[in-house]
Protein chains: 2
Amino acid sequence: MSKTYTISDLAQEFGVTTRTLRHYEDQGLVTPARDGINRIYSHRDRVRLKLALRGKRLGFSLGEIRELFELHDLAGSEQRQLEEFSVKLERRRAQLEQQREDVEVMLNEIRFFATQCQRRLAEAESSKTPNPERAA
Amino acid sequence: MSKTYTISDLAQEFGVTTRTLRHYEDQGLVTPARDGINRIYSHRDRVRLKLALRGKRLGFSLGEIRELFELHDLAGSEQRQLEEFSVKLERRRAQLEQQREDVEVMLNEIRFFATQCQRRLAEAESSKTPNPERAA
DNA sequence: AGTGTTATTGACGTTTACGTAAAAGCAATG
DNA sequence: CATTGCTTTTACGTAAACGTCAATAACACT
C-alpha cells in the first residue's frame, strides 16, 4: 500500500540517530506500527518527524511539540475548546514573530560583519600584489 | 560617570533571575566589576546580556554565544584570523536563514489555523443568535 | 542592638534530550 | 551453522542551563 520506513530509513533521511526516534516515540511524537517486534513508520510518522525537527530548530521542547501536535489533531473538533486553542495559537504567533525579528537583526549584523571581513581580506590581498593605485 | 546597575536591576529589567546572571558570568558572557564584593554591571554588560538573551531565543547555547562575543571582539583584529571568522559567520548565516524559513512556514500554518478557528467561532456565535439567513 | 533587605559563595538538585553500553532476538549470507 | 547486521528493550550516563537551598555578610532603618 502506502510506503513504509524502517527506523534507520528515517534516521538516515533526517540525520538523526535511531535512539532519537525511539525517544520521540516515548514522548508521543511518532507512533510507528509494528511488524512483530520491529517498528514500521508510516507516511504520517515521517511527516510528524519532519515537523518535530522543524519545531526543534525553532526552539520548541519536545513537550511543546507534542502539545502542538495535539492541538493540530484537535483542529477539526468541538467548538468548546476552540477558544482555548485560539488563545494558544496567538501566544505562539507572538513568540514566533519576536523570533523572526531576532533572526532579522542577527542576519543584518552578520551581513555587516561579513562585508567588513571581505573588505579587509581584499585590502590585505591587494597590498600583497604591488598595484599602482595605492602602492604609490 | 556612565550608569551602572546592580544584579537585581538587570535581572528585573530582563526578566531573569540573579542566579542566571551569575551563571552567565561563570560562562564568561558578562564580566561585571566589583564594589568590594558586590557586582556592578556596566552599560557594556547590559548590552551583552541583551545580546545573550536574543541569542538564546534564537536557540544558541551559552557556549556558542560566548564564541560569538569572542568573534565580535576579534572583529577589529588581525587579518590572519579573519578568514576563519568569515567561515564561521557564513555557517551561522546559513543556519539562521534556515531558521527564518522555518519561522515563516510555522507562521503561515498558524495563521491558517487561526482563521479556521475564527470562522468556526463566528459560525457558532451566529447560530446562537437566531439570525434569519441561516436559521431559516 | 535588633530587624529586614539585598548581596555573596558554595554546592547539590532538576529537567531536557538524548548518548551509550549491555544483553538478546531475527535474517540473510558466506 | 556461525558470523554479520539490524533490530529490540533496559538502564545508567551526561551536558546544558539553570533552580534551590544554606550559611554568611553588608547596609538601612528605627
# chains A, B, ... in the order shown; residues from 1 in each chain; ligands from 1

call {"tool": "interface_residues", "arguments": {"of": "chain B", "to": "chain C", "cutoff": "10 Å", "atoms": "only C-alpha atoms (C1' of nucleotides)", "output": "list in words"}}
result
Thr6, Ile7, Ser8, Ile37, Asn38 and Arg39 of chain B

call {"tool": "write_last_selection", "arguments": {"atoms": "C-alpha atoms", "output": "short mmCIF file (atom, residue, chain, number, x, y, z; two decimals), in the first residue's frame"}}
result
data_model
loop_
_atom_site.label_atom_id
_atom_site.label_comp_id
_atom_site.auth_asym_id
_atom_site.auth_seq_id
_atom_site.Cartn_x
_atom_site.Cartn_y
_atom_site.Cartn_z
CA THR B 6 23.11 46.11 40.38
CA ILE B 7 22.47 42.46 39.74
CA SER B 8 18.80 42.75 40.54
CA ILE B 37 32.26 42.01 46.96
CA ASN B 38 29.17 43.22 45.13
CA ARG B 39 28.79 43.04 41.38
#

call {"tool": "closest_atom_pairs", "arguments": {"of": "stretch 50-120 of chain B", "to": "stretch 7-30 of chain D", "cutoff": "10 Å", "atoms": "only C-alpha atoms (C1' of nucleotides)", "output": "Markdown table"}}
result
| residue | atom | partner | partner_atom | distance |
| --- | --- | --- | --- | --- |
| B:Ser61 | CA | D:DA16 | C1' | 7.9 |
| B:Leu62 | CA | D:DA16 | C1' | 8.5 |
| B:Gly63 | CA | D:DA16 | C1' | 9.4 |

call {"tool": "write_last_selection", "arguments": {"atoms": "N, CA and C atoms", "output": "compact mmCIF listing (two decimals), in the first residue's frame"}}
result
# COMPACT_ATOMS: atom_id res chain seq x y z
N SER B 61 23.43 28.07 22.22
CA SER B 61 23.81 27.69 23.57
C SER B 61 24.66 28.81 24.17
N LEU B 62 24.83 28.81 25.47
CA LEU B 62 25.65 29.84 26.10
C LEU B 62 27.08 29.79 25.56
N GLY B 63 27.55 28.60 25.30
CA GLY B 63 28.89 28.45 24.75
C GLY B 63 29.00 29.09 23.37

call {"tool": "calpha_fit_and_write", "arguments": {"fixed": "chain A", "moving": "chain B", "output": "short mmCIF file (atom, residue, chain, number, x, y, z; two decimals) with C-alpha atoms, in the first residue's frame"}}
result
data_model
loop_
_atom_site.label_atom_id
_atom_site.label_comp_id
_atom_site.auth_asym_id
_atom_site.auth_seq_id
_atom_site.Cartn_x
_atom_site.Cartn_y
_atom_site.Cartn_z
CA MET B 1 0.00 0.03 0.00
CA SER B 2 1.41 3.31 1.18
CA LYS B 3 5.16 3.39 1.57
CA THR B 4 6.64 2.51 4.92
CA TYR B 5 10.05 3.08 6.48
CA THR B 6 12.33 1.32 8.90
CA ILE B 7 13.81 3.17 11.82
CA SER B 8 17.14 3.60 10.11
CA ASP B 9 15.51 4.77 6.90
CA LEU B 10 14.11 7.78 8.69
CA ALA B 11 17.16 8.26 10.85
CA GLN B 12 19.34 8.47 7.78
CA GLU B 13 16.98 10.66 5.83
CA PHE B 14 16.70 13.23 8.59
CA GLY B 15 20.18 12.96 9.99
CA VAL B 16 19.23 11.79 13.46
CA THR B 17 20.03 8.63 15.39
CA THR B 18 17.70 5.70 15.93
CA ARG B 19 17.91 6.50 19.60
CA THR B 20 16.37 9.85 18.84
CA LEU B 21 13.48 8.22 17.00
CA ARG B 22 12.82 5.86 19.90
CA HIS B 23 12.97 8.79 22.26
CA TYR B 24 10.46 10.70 20.17
CA GLU B 25 8.21 7.70 20.34
CA ASP B 26 8.51 7.67 24.13
CA GLN B 27 7.50 11.31 24.07
CA GLY B 28 4.52 10.56 21.88
CA LEU B 29 5.69 12.42 18.79
CA VAL B 30 5.55 9.41 16.49
CA THR B 31 3.59 6.19 16.83
CA PRO B 32 5.06 3.63 14.45
CA ALA B 33 3.26 0.35 13.91
CA ARG B 34 4.98 -2.96 14.53
CA ASP B 35 6.01 -5.83 12.34
CA GLY B 36 6.32 -8.33 15.14
CA ILE B 37 8.76 -6.45 17.31
CA ASN B 38 10.19 -4.12 14.68
CA ARG B 39 8.99 -0.58 14.17
CA ILE B 40 7.33 0.38 10.94
CA TYR B 41 6.99 4.07 10.20
CA SER B 42 4.17 5.37 8.05
CA HIS B 43 4.00 8.42 5.87
CA ARG B 44 2.27 10.17 8.74
CA ASP B 45 5.15 9.37 11.06
CA ARG B 46 7.53 10.79 8.52
CA VAL B 47 5.58 14.02 8.32
CA ARG B 48 5.46 14.25 12.08
CA LEU B 49 9.18 13.73 12.33
CA LYS B 50 9.75 16.47 9.82
CA LEU B 51 7.50 18.83 11.74
CA ALA B 52 9.14 17.85 15.01
CA LEU B 53 12.59 18.67 13.69
CA ARG B 54 11.38 22.00 12.40
CA GLY B 55 9.88 22.68 15.79
CA LYS B 56 13.21 21.88 17.38
CA ARG B 57 15.03 24.29 15.09
CA LEU B 58 12.56 26.89 16.26
CA GLY B 59 13.43 26.19 19.87
CA PHE B 60 10.37 24.24 20.93
CA SER B 61 10.77 21.50 23.49
CA LEU B 62 9.58 18.00 22.67
CA GLY B 63 6.74 18.53 25.10
CA GLU B 64 5.65 21.69 23.35
CA ILE B 65 5.86 19.94 20.01
CA ARG B 66 3.63 17.20 21.30
CA GLU B 67 1.20 19.85 22.48
CA LEU B 68 1.19 21.39 19.04
CA PHE B 69 0.47 18.01 17.51
CA GLU B 70 -2.38 17.51 19.90
CA LEU B 71 -3.76 20.92 19.04
CA HIS B 72 -3.34 20.12 15.39
CA ASP B 73 -5.21 16.85 15.78
CA LEU B 74 -7.90 18.66 17.67
CA ALA B 75 -8.29 21.21 14.89
CA GLY B 76 -11.36 19.52 13.42
CA SER B 77 -13.08 18.91 16.74
CA GLU B 78 -15.51 20.48 19.15
CA GLN B 79 -15.95 24.22 19.37
CA ARG B 80 -15.84 24.31 23.13
CA GLN B 81 -12.07 23.86 23.01
CA LEU B 82 -11.56 26.05 19.99
CA GLU B 83 -11.37 29.19 22.02
CA GLU B 84 -8.61 27.81 24.18
CA PHE B 85 -6.91 26.60 21.04
CA SER B 86 -7.10 30.03 19.54
CA VAL B 87 -5.50 31.58 22.60
CA LYS B 88 -2.60 29.16 22.48
CA LEU B 89 -2.08 29.83 18.83
CA GLU B 90 -1.96 33.54 19.47
CA ARG B 91 0.73 33.09 22.09
CA ARG B 92 2.78 31.02 19.70
CA ARG B 93 2.37 33.56 17.01
CA ALA B 94 3.61 36.41 19.18
CA GLN B 95 6.56 34.31 20.23
CA LEU B 96 7.40 33.44 16.66
CA GLU B 97 7.19 37.00 15.47
CA GLN B 98 9.55 38.05 18.21
CA GLN B 99 11.82 35.29 17.01
CA ARG B 100 11.53 36.42 13.45
CA GLU B 101 12.56 39.89 14.49
CA ASP B 102 15.50 38.45 16.36
CA VAL B 103 16.56 36.56 13.28
CA GLU B 104 16.37 39.66 11.12
CA VAL B 105 18.47 41.67 13.53
CA MET B 106 21.02 38.89 13.71
CA LEU B 107 21.18 38.47 9.96
CA ASN B 108 21.73 42.16 9.43
CA GLU B 109 24.51 42.20 11.95
CA ILE B 110 26.13 39.18 10.38
CA ARG B 111 25.87 40.66 6.93
CA PHE B 112 27.53 43.81 8.20
CA PHE B 113 30.45 41.93 9.67
CA ALA B 114 30.74 39.75 6.61
CA THR B 115 31.17 42.72 4.31
CA GLN B 116 33.64 44.26 6.74
CA CYS B 117 35.54 41.00 6.57
CA GLN B 118 35.49 40.85 2.82
CA ARG B 119 36.73 44.39 2.59
CA ARG B 120 39.65 43.73 4.88
CA LEU B 121 40.51 40.52 3.10
CA ALA B 122 40.42 42.35 -0.20
CA GLU B 123 42.66 45.05 1.16
CA ALA B 124 45.13 42.52 2.45
CA GLU B 125 45.10 40.81 -0.94
CA SER B 126 45.64 43.94 -2.95
CA SER B 127 48.56 44.99 -0.77
CA LYS B 128 50.24 41.65 -1.53
CA THR B 129 50.18 42.15 -5.32
CA PRO B 130 52.08 45.36 -5.85
CA ASN B 131 49.38 47.36 -7.63
CA PRO B 132 50.07 50.93 -8.74
CA GLU B 133 47.11 52.70 -7.12
CA ARG B 134 48.02 52.31 -3.49
CA ALA B 135 51.59 50.96 -3.60
CA ALA B 136 52.65 54.37 -4.78
#

call {"tool": "select_by_dssp", "arguments": {"residues": "chain A", "states": "helix (DSSP H, G or I)", "output": "PyMOL selection string"}}
result
chain A and resi 7-14+18-26+43-57+62-74+79-126+132-135

call {"tool": "select_by_dssp", "arguments": {"residues": "chain A", "states": "strand (DSSP E)", "output": "PDB file with N, CA and C atoms, in the first residue's frame"}}
result
ATOM      1  N   ALA A  33       3.826   1.626  13.715  1.00  0.00           N
ATOM      2  CA  ALA A  33       3.208   0.309  13.882  1.00  0.00           C
ATOM      3  C   ALA A  33       4.324  -0.707  14.124  1.00  0.00           C
ATOM      4  N   ARG A  34       3.932  -1.960  14.245  1.00  0.00           N
ATOM      5  CA  ARG A  34       4.932  -2.992  14.472  1.00  0.00           C
ATOM      6  C   ARG A  34       4.778  -4.125  13.472  1.00  0.00           C
ATOM      7  N   ASP A  35       5.919  -4.627  13.030  1.00  0.00           N
ATOM      8  CA  ASP A  35       5.943  -5.874  12.290  1.00  0.00           C
ATOM      9  C   ASP A  35       6.595  -6.864  13.231  1.00  0.00           C
ATOM     10  N   ASN A  38       9.516  -5.303  15.346  1.00  0.00           N
ATOM     11  CA  ASN A  38      10.165  -4.183  14.651  1.00  0.00           C
ATOM     12  C   ASN A  38       9.204  -3.035  14.355  1.00  0.00           C
ATOM     13  N   ARG A  39       9.719  -1.837  14.451  1.00  0.00           N
ATOM     14  CA  ARG A  39       8.927  -0.643  14.178  1.00  0.00           C
ATOM     15  C   ARG A  39       8.740  -0.429  12.668  1.00  0.00           C
ATOM     16  N   ILE A  40       7.561  -0.036  12.310  1.00  0.00           N
ATOM     17  CA  ILE A  40       7.294   0.336  10.923  1.00  0.00           C
ATOM     18  C   ILE A  40       6.696   1.732  10.899  1.00  0.00           C
TER      19      ILE A  40
END
